$ cat model-v2.cif   # mmCIF, C-alpha atoms
data_my_file
loop_
_atom_site.label_atom_id
_atom_site.label_comp_id
_atom_site.auth_asym_id
_atom_site.auth_seq_id
_atom_site.Cartn_x
_atom_site.Cartn_y
_atom_site.Cartn_z
CA MET A 1 81.82 87.88 156.65
CA GLU A 2 84.61 88.06 159.20
CA ARG A 3 86.62 91.28 159.35
CA GLY A 4 89.88 89.54 158.31
CA GLU A 5 88.26 87.91 155.31
CA TYR A 6 86.67 91.24 154.28
CA ARG A 7 90.07 92.96 154.37
CA HIS A 8 91.54 90.17 152.24
CA GLN A 9 88.80 90.50 149.64
CA GLU A 10 89.20 94.30 149.63
CA LYS A 11 92.93 93.98 148.99
CA LYS A 12 92.27 91.61 146.09
CA ARG A 13 89.72 94.02 144.63
CA ARG A 14 92.12 96.95 144.90
CA ARG A 15 94.88 94.87 143.32
CA ARG A 16 92.62 94.00 140.39
CA CYS A 17 91.69 97.66 139.98
CA LEU A 18 95.36 98.66 140.01
CA ILE A 19 96.22 96.02 137.42
CA LEU A 20 93.33 97.12 135.20
CA THR A 21 94.42 100.74 135.54
CA VAL A 22 98.01 99.94 134.62
CA VAL A 23 96.88 97.83 131.66
CA SER A 24 94.56 100.62 130.49
CA VAL A 25 97.35 103.20 130.69
CA LEU A 26 99.72 100.92 128.79
CA LEU A 27 97.10 100.30 126.10
CA LEU A 28 96.49 104.04 125.83
CA ILE A 29 100.22 104.68 125.44
CA ILE A 30 100.45 102.00 122.77
CA ILE A 31 97.43 103.39 120.91
CA VAL A 32 98.80 106.93 121.02
CA ALA A 33 102.20 105.72 119.81
CA VAL A 34 100.63 103.78 116.94
CA VAL A 35 98.40 106.69 115.91
CA LEU A 36 101.32 109.11 116.13
CA GLY A 37 103.52 106.75 114.16
CA LEU A 38 100.87 106.32 111.49
CA THR A 39 100.36 110.09 111.32
CA LEU A 40 104.08 110.74 110.90
CA ARG A 41 104.33 107.95 108.34
CA LYS A 42 101.35 109.47 106.54
CA ASN A 43 103.10 112.85 106.43
CA THR A 44 106.20 111.27 104.88
CA ASP A 45 104.14 109.18 102.46
CA LYS A 46 102.00 112.15 101.41
CA LEU A 47 105.02 114.36 100.71
CA LYS A 48 106.83 111.57 98.89
CA THR A 49 103.75 110.73 96.80
CA THR A 50 103.48 114.35 95.64
CA PHE A 51 107.25 114.58 95.09
CA MET A 52 107.38 111.36 93.05
CA ALA A 53 104.33 112.21 90.94
CA ARG A 54 105.86 115.57 89.99
CA CYS A 55 109.29 114.04 89.43
CA GLU A 56 107.93 111.41 87.06
CA GLU A 57 106.63 114.14 84.76
CA PHE A 58 110.27 114.73 83.82
CA LYS A 59 112.01 112.13 81.69
CA GLY A 60 115.48 110.76 82.32
CA TYR A 61 115.58 110.95 86.13
CA ASP A 62 115.80 108.19 88.74
CA CYS A 63 113.09 109.64 90.99
CA GLU A 64 113.83 107.28 93.90
CA LYS A 65 117.44 108.46 93.80
CA VAL A 66 116.34 112.09 93.61
CA TRP A 67 114.01 111.60 96.60
CA GLY A 68 116.75 109.93 98.62
CA ALA A 69 119.16 112.77 97.87
CA PHE A 70 116.53 115.29 98.92
CA GLU A 71 115.49 113.46 102.10
CA GLN A 72 119.02 113.05 103.44
CA ALA A 73 119.39 116.83 103.58
CA TYR A 74 117.02 117.35 106.51
CA VAL A 75 115.92 114.05 108.14
CA GLY A 76 117.15 113.81 111.72
CA ARG A 77 118.35 117.43 111.76
CA ASP A 78 117.31 120.51 113.66
CA PRO A 79 114.98 122.27 111.15
CA CYS A 80 116.79 125.55 111.81
CA LYS A 81 120.22 124.04 111.11
CA VAL A 82 119.93 122.91 107.51
CA PRO A 83 122.40 124.96 105.41
CA MET A 84 122.10 125.38 101.65
CA GLU A 85 124.95 122.93 101.12
CA ALA A 86 122.88 120.12 102.63
CA TYR A 87 120.95 120.04 99.34
CA ASP A 88 124.05 119.62 97.15
CA PRO A 89 123.35 115.87 96.57
CA PHE A 90 119.79 116.76 95.50
CA ILE A 91 121.10 119.36 93.04
CA ALA A 92 123.46 116.75 91.58
CA ALA A 93 120.70 114.16 91.27
CA ALA A 94 118.26 116.63 89.71
CA ALA A 95 120.70 118.30 87.32
CA PHE A 96 119.05 119.93 84.30
CA LYS A 97 120.17 121.18 80.91
CA PRO A 98 120.17 124.99 80.69
CA LYS A 99 117.67 126.59 78.32
CA CYS A 100 119.75 129.38 76.84
CA ASN A 101 117.78 132.52 75.93
CA ARG A 102 114.69 131.09 77.64
CA MET A 103 115.46 131.30 81.36
CA MET A 104 113.05 133.48 83.30
CA PHE A 105 113.65 134.91 86.77
CA TRP A 106 111.09 136.76 88.85
CA SER A 107 110.49 138.68 92.07
CA LYS A 108 107.07 139.51 93.55
CA THR A 109 105.40 138.46 90.28
CA LYS A 110 104.87 134.74 90.93
CA ASP A 111 101.27 134.45 89.72
CA VAL A 112 101.82 136.61 86.65
CA VAL A 113 105.00 134.90 85.53
CA HIS A 114 103.70 131.37 86.00
CA ASP A 115 100.44 132.14 84.26
CA PHE A 116 102.52 133.44 81.37
CA THR A 117 104.98 130.50 81.17
CA GLU A 118 102.14 127.99 81.50
CA LYS A 119 100.32 129.43 78.49
CA LYS A 120 103.38 130.37 76.46
CA ASP A 121 106.12 127.81 75.90
CA CYS A 122 108.74 130.53 75.56
CA PHE A 123 110.41 130.77 78.95
CA VAL A 124 111.37 128.47 81.81
CA THR A 125 111.32 129.43 85.49
CA VAL A 126 113.03 127.39 88.20
CA GLU A 127 109.58 126.04 89.15
CA ASP A 128 109.24 124.67 85.62
CA THR A 129 112.32 122.48 86.09
CA LEU A 130 112.51 119.35 88.20
CA LEU A 131 114.61 121.33 90.69
CA GLY A 132 111.72 123.57 91.70
CA SER A 133 108.67 121.67 90.50
CA VAL A 134 108.84 118.75 92.94
CA LEU A 135 108.43 120.93 96.05
CA ASN A 136 106.70 124.06 94.79
CA GLY A 137 104.20 125.26 97.40
CA LEU A 138 105.10 122.53 99.93
CA THR A 139 106.43 122.61 103.50
CA TRP A 140 108.61 120.00 105.18
CA CYS A 141 111.22 119.52 107.90
CA GLY A 142 112.87 116.95 110.11
CA LYS A 143 113.53 116.75 113.84
CA GLU A 144 116.63 115.81 115.77
CA GLY A 145 116.55 112.14 116.73
CA SER A 146 113.70 111.33 114.32
CA THR A 147 113.72 109.52 110.99
CA GLU A 148 110.39 111.02 109.99
CA THR A 149 109.39 113.89 107.74
CA PHE A 150 107.08 116.54 109.19
CA THR A 151 104.80 118.74 107.11
CA THR A 152 103.38 120.82 109.97
CA ASP A 153 104.93 122.80 112.83
CA CYS A 154 108.00 123.52 110.73
CA PRO A 155 109.80 126.88 111.14
CA GLY A 156 108.59 129.62 108.83
CA TRP A 157 110.67 131.46 106.24
CA THR A 158 111.69 134.21 108.67
CA ASP A 159 111.90 132.13 111.86
CA CYS A 160 115.54 131.19 111.29
CA VAL A 161 118.07 131.68 108.50
CA ASN A 162 118.95 128.04 107.82
CA ASN A 163 115.47 126.59 107.97
CA THR A 164 114.66 123.57 105.81
CA VAL A 165 112.52 125.25 103.16
CA ARG A 166 114.40 128.54 102.88
CA SER A 167 117.74 126.79 102.42
CA PHE A 168 116.21 124.57 99.75
CA TRP A 169 114.96 127.48 97.66
CA ASN A 170 118.19 129.41 98.14
CA ARG A 171 120.19 126.41 96.90
CA VAL A 172 117.87 125.66 93.98
CA SER A 173 117.85 129.31 92.94
CA THR A 174 121.64 129.35 93.08
CA ALA A 175 121.85 126.36 90.74
CA PHE A 176 119.32 127.87 88.34
CA ALA A 177 121.15 131.22 88.20
CA GLU A 178 124.57 129.59 87.76
CA ALA A 179 123.18 127.74 84.73
CA ALA A 180 121.77 130.92 83.12
CA CYS A 181 123.01 131.56 79.59
CA GLY A 182 122.36 133.79 76.61
CA ASP A 183 119.67 136.44 76.94
CA VAL A 184 118.10 136.20 80.41
CA THR A 185 114.71 137.68 81.33
CA ALA A 186 113.36 138.79 84.72
CA MET A 187 109.80 139.81 85.56
CA LEU A 188 109.74 142.36 88.36
CA ASN A 189 106.84 144.09 90.08
CA GLY A 190 106.18 147.69 89.06
CA SER A 191 103.48 148.09 91.70
CA ILE A 192 105.92 148.25 94.60
CA THR A 193 108.42 150.96 95.48
CA THR A 194 111.46 148.64 95.36
CA PRO A 195 111.11 146.11 92.54
CA PHE A 196 114.75 145.07 92.98
CA HIS A 197 114.70 144.54 96.72
CA PRO A 198 118.07 143.61 98.27
CA ALA A 199 116.47 140.94 100.52
CA SER A 200 114.80 139.11 97.62
CA ILE A 201 116.22 135.86 96.27
CA PHE A 202 116.63 137.52 92.88
CA ALA A 203 118.80 140.30 94.33
CA SER A 204 120.64 138.48 97.11
CA ILE A 205 121.35 135.22 95.27
CA GLU A 206 120.45 134.95 91.60
CA VAL A 207 121.88 138.16 90.12
CA LYS A 208 125.12 137.57 92.01
CA ARG A 209 125.48 134.15 90.34
CA PHE A 210 125.12 135.31 86.73
CA ASP A 211 128.28 134.35 84.88
CA PRO A 212 129.28 137.04 82.32
CA ALA A 213 131.04 134.33 80.33
CA LYS A 214 127.63 132.74 79.70
CA VAL A 215 125.03 135.47 80.22
CA LYS A 216 124.89 138.00 77.37
CA SER A 217 122.09 140.25 78.62
CA LEU A 218 119.44 140.74 81.29
CA ASN A 219 116.08 141.98 80.06
CA VAL A 220 113.81 143.27 82.82
CA VAL A 221 110.06 143.16 82.22
CA LEU A 222 108.59 145.57 84.76
CA VAL A 223 104.98 144.45 85.17
CA THR A 224 102.76 147.49 85.61
CA GLN A 225 99.13 148.11 86.58
CA LYS A 226 96.83 151.14 86.30
CA ASN A 227 97.87 152.56 89.66
CA ASN A 228 101.55 151.93 89.12
CA VAL A 229 104.04 153.37 91.59
CA THR A 230 107.33 152.93 89.73
CA ASN A 231 108.97 152.66 86.30
CA CYS A 232 112.26 151.69 84.70
CA THR A 233 113.99 154.75 86.17
CA ASN A 234 113.43 153.40 89.69
CA ALA A 235 116.45 153.76 92.00
CA SER A 236 116.50 150.06 92.87
CA LEU A 237 116.76 149.19 89.17
CA LYS A 238 119.77 151.48 88.97
CA ASP A 239 121.21 149.35 91.76
CA LEU A 240 120.48 146.27 89.64
CA GLN A 241 122.44 147.74 86.73
CA ARG A 242 125.40 148.42 89.02
CA GLU A 243 125.18 144.89 90.40
CA LEU A 244 125.58 143.34 86.96
CA ASP A 245 129.01 142.53 85.63
CA ASP A 246 130.17 144.94 82.93
CA GLY A 247 129.98 142.16 80.36
CA ILE A 248 126.20 141.74 80.80
CA LYS A 249 123.97 144.14 78.89
CA TYR A 250 120.87 145.55 80.59
CA ASP A 251 117.47 146.54 79.28
CA CYS A 252 114.16 147.38 80.97
CA LYS A 253 110.63 147.61 79.56
CA GLU A 254 107.43 148.58 81.30
CA VAL A 255 104.68 146.15 80.32
CA ALA A 256 101.07 146.27 81.49
CA GLU A 257 99.81 143.12 83.20
CA GLU A 258 96.75 143.21 80.93
CA GLN A 259 99.04 143.14 77.89
CA LEU A 260 100.82 140.04 79.22
CA GLU A 261 97.51 138.29 79.89
CA GLU A 262 96.19 139.13 76.42
CA CYS A 263 99.40 138.10 74.73
CA SER A 264 99.74 134.81 76.60
CA SER A 265 96.14 133.90 75.77
CA ASN A 266 96.76 134.28 72.04
CA PRO A 267 98.65 131.22 70.75
CA GLU A 268 99.48 132.96 67.46
CA THR A 269 101.34 135.86 69.09
CA PRO A 270 105.13 135.30 69.13
CA CYS A 271 106.74 135.65 72.52
CA GLY A 272 108.87 138.58 71.47
CA ALA A 273 105.74 140.59 70.67
CA CYS A 274 104.51 140.38 74.26
CA TRP A 275 106.84 143.26 75.15
#
$ encode --input "model-v2.cif" --output "structure tokens"
Amino acid sequence: MERGEYRHQEKKRRRRCLILTVVSVLLLIIIVAVVLGLTLRKNTDKLKTTFMARCEEFKGYDCEKVWGAFEQAYVGRDPCKVPMEAYDPFIAAAAFKPKCNRMMFWSKTKDVVHDFTEKKDCFVTVEDTLLGSVLNGLTWCGKEGSTETFTTDCPGWTDCVNNTVRSFWNRVSTAFAEAACGDVTAMLNGSITTPFHPASIFASIEVKRFDPAKVKSLNVVLVTQKNNVTNCTNASLKDLQRELDDGIKYDCKEVAEEQLEECSSNPETPCGACW
């Protein structure tokens, strides 16, 4: 083969290799984009599926409307710049009827209180309403410039003040507390030195929203264990009494966790007898 012809063939070969390389890169980009898109879509679909299934357990709600009101709060937004007010449309769409004399608040007693309310149909926590049920235990957020929902790599509770999940629970807790009426109950943890901690949702949000025109009394159930570290004379509980409006009566009872478990497991025991 002549030298000129060899160079011509070599150029053609290199050109083909370049074209194949470019095509391969483009295909790879397309595949990655499709996989990423499907993953993001899967995240949204998975969250929505769980949300809708939980929502449909409650009668009288337009769950598609409730989902839309929830989603608009965070989609396309910086996950650290979602204020409580962003969930106002969700609160309106998921409005509930107050259960006077049956509303239960809690702090650092999540497992105990929900085990109790699940077995005994006496009290209702925010997680037992549509407001809290649909997203209990879930994580979600949006991103600026994106229409997708993310369920991973979202900021944690303490990473920023106005993060997606924290603002949600602050807003939902506000609505639940504002609806409180009659005799209100709160289960607090007697195994910690500060059962009424100022940074807790119960102290920083819920107690401050109790309306003395609707709330007659607050009954604290201080859940104790064998190696208990505090009782109803605890200084933080004195702070709780001072925090309450003068029109709201206060009472505190120390109740062993074992007693609550035994009582909740006995269907014949009236709720009032549990403490």
$ closest_residue --input "model-v2.cif" --among "A:Phe116, A:Lys108, A:Cys80, A:Thr230" --to "Cys274 (chain A)" --atoms "only C-alpha atoms"
A:Phe116
$ resolve_selection --input "model-v2.cif" --expression "the PyMOL selection byres ((chain A and resi 195-211) around 8)" --output "PDB file with C-alpha atoms, in the frame of the given file"
ATOM      1  CA  PHE A 105     113.650 134.910  86.770  1.00  0.00           C
ATOM      2  CA  TRP A 106     111.090 136.760  88.850  1.00  0.00           C
ATOM      3  CA  SER A 107     110.490 138.680  92.070  1.00  0.00           C
ATOM      4  CA  LYS A 108     107.070 139.510  93.550  1.00  0.00           C
ATOM      5  CA  ASN A 170     118.190 129.410  98.140  1.00  0.00           C
ATOM      6  CA  SER A 173     117.850 129.310  92.940  1.00  0.00           C
ATOM      7  CA  THR A 174     121.640 129.350  93.080  1.00  0.00           C
ATOM      8  CA  PHE A 176     119.320 127.870  88.340  1.00  0.00           C
ATOM      9  CA  ALA A 177     121.150 131.220  88.200  1.00  0.00           C
ATOM     10  CA  GLU A 178     124.570 129.590  87.760  1.00  0.00           C
ATOM     11  CA  ALA A 180     121.770 130.920  83.120  1.00  0.00           C
ATOM     12  CA  CYS A 181     123.010 131.560  79.590  1.00  0.00           C
ATOM     13  CA  LEU A 188     109.740 142.360  88.360  1.00  0.00           C
ATOM     14  CA  ASN A 189     106.840 144.090  90.080  1.00  0.00           C
ATOM     15  CA  GLY A 190     106.180 147.690  89.060  1.00  0.00           C
ATOM     16  CA  SER A 191     103.480 148.090  91.700  1.00  0.00           C
ATOM     17  CA  ILE A 192     105.920 148.250  94.600  1.00  0.00           C
ATOM     18  CA  THR A 193     108.420 150.960  95.480  1.00  0.00           C
ATOM     19  CA  THR A 194     111.460 148.640  95.360  1.00  0.00           C
ATOM     20  CA  PRO A 212     129.280 137.040  82.320  1.00  0.00           C
ATOM     21  CA  ALA A 213     131.040 134.330  80.330  1.00  0.00           C
ATOM     22  CA  LYS A 214     127.630 132.740  79.700  1.00  0.00           C
ATOM     23  CA  VAL A 215     125.030 135.470  80.220  1.00  0.00           C
ATOM     24  CA  SER A 236     116.500 150.060  92.870  1.00  0.00           C
ATOM     25  CA  LEU A 237     116.760 149.190  89.170  1.00  0.00           C
ATOM     26  CA  ASP A 239     121.210 149.350  91.760  1.00  0.00           C
ATOM     27  CA  LEU A 240     120.480 146.270  89.640  1.00  0.00           C
ATOM     28  CA  GLU A 243     125.180 144.890  90.400  1.00  0.00           C
ATOM     29  CA  LEU A 244     125.580 143.340  86.960  1.00  0.00           C
TER      30      LEU A 244
END
$ atom_distance --input "model-v2.cif" --atom1 "CA of Thr49 (chain A)" --atom2 "CA of Ala69 (chain A)"
15.6 Å
$ closest_residue --input "model-v2.cif" --among "A:Lys65, A:Ala179, A:Lys119, A:Gln225" --to "Asn266 (chain A)" --atoms "all atoms listed in the file"
A:Lys119
$ residues_around --input "model-v2.cif" --residues "Glu56 (chain A)" --least-positions-apart "4" --cutoff "12 Å" --atoms "all atoms listed in the file" --output "JSON, numbers by chain"
{"A": [48, 49, 50, 51, 52, 60, 61, 62, 63, 64, 66, 67, 94, 129, 130, 133, 134]}
$ atom_distance --input "model-v2.cif" --atom1 "CA of Pro98 (chain A)" --atom2 "CA of Val124 (chain A)"
9.5 Å
$ atom_distance --input "model-v2.cif" --atom1 "CA of Lys249 (chain A)" --atom2 "CA of Lys216 (chain A)"
6.4 Å
$ resolve_selection --input "model-v2.cif" --expression "the PyMOL selection byres ((chain A and resi 139-149) around 9)" --output "short mmCIF file (atom, residue, chain, number, x, y, z; two decimals) with C-alpha atoms, in the coordinates of the input"
data_model
loop_
_atom_site.label_atom_id
_atom_site.label_comp_id
_atom_site.auth_asym_id
_atom_site.auth_seq_id
_atom_site.Cartn_x
_atom_site.Cartn_y
_atom_site.Cartn_z
CA LEU A 40 104.08 110.74 110.90
CA ARG A 41 104.33 107.95 108.34
CA ASN A 43 103.10 112.85 106.43
CA THR A 44 106.20 111.27 104.88
CA ASP A 45 104.14 109.18 102.46
CA LEU A 47 105.02 114.36 100.71
CA GLU A 71 115.49 113.46 102.10
CA TYR A 74 117.02 117.35 106.51
CA VAL A 75 115.92 114.05 108.14
CA GLY A 76 117.15 113.81 111.72
CA ARG A 77 118.35 117.43 111.76
CA ASP A 78 117.31 120.51 113.66
CA PRO A 79 114.98 122.27 111.15
CA LEU A 135 108.43 120.93 96.05
CA ASN A 136 106.70 124.06 94.79
CA GLY A 137 104.20 125.26 97.40
CA LEU A 138 105.10 122.53 99.93
CA PHE A 150 107.08 116.54 109.19
CA THR A 151 104.80 118.74 107.11
CA THR A 152 103.38 120.82 109.97
CA ASP A 153 104.93 122.80 112.83
CA CYS A 154 108.00 123.52 110.73
CA PRO A 155 109.80 126.88 111.14
CA ASN A 163 115.47 126.59 107.97
CA THR A 164 114.66 123.57 105.81
CA VAL A 165 112.52 125.25 103.16
#
$ closest_residue --input "model-v2.cif" --among "A:Arg54, A:His114, A:Lys238, A:Lys97" --to "Ser264 (chain A)" --atoms "only C-alpha atoms"
A:His114
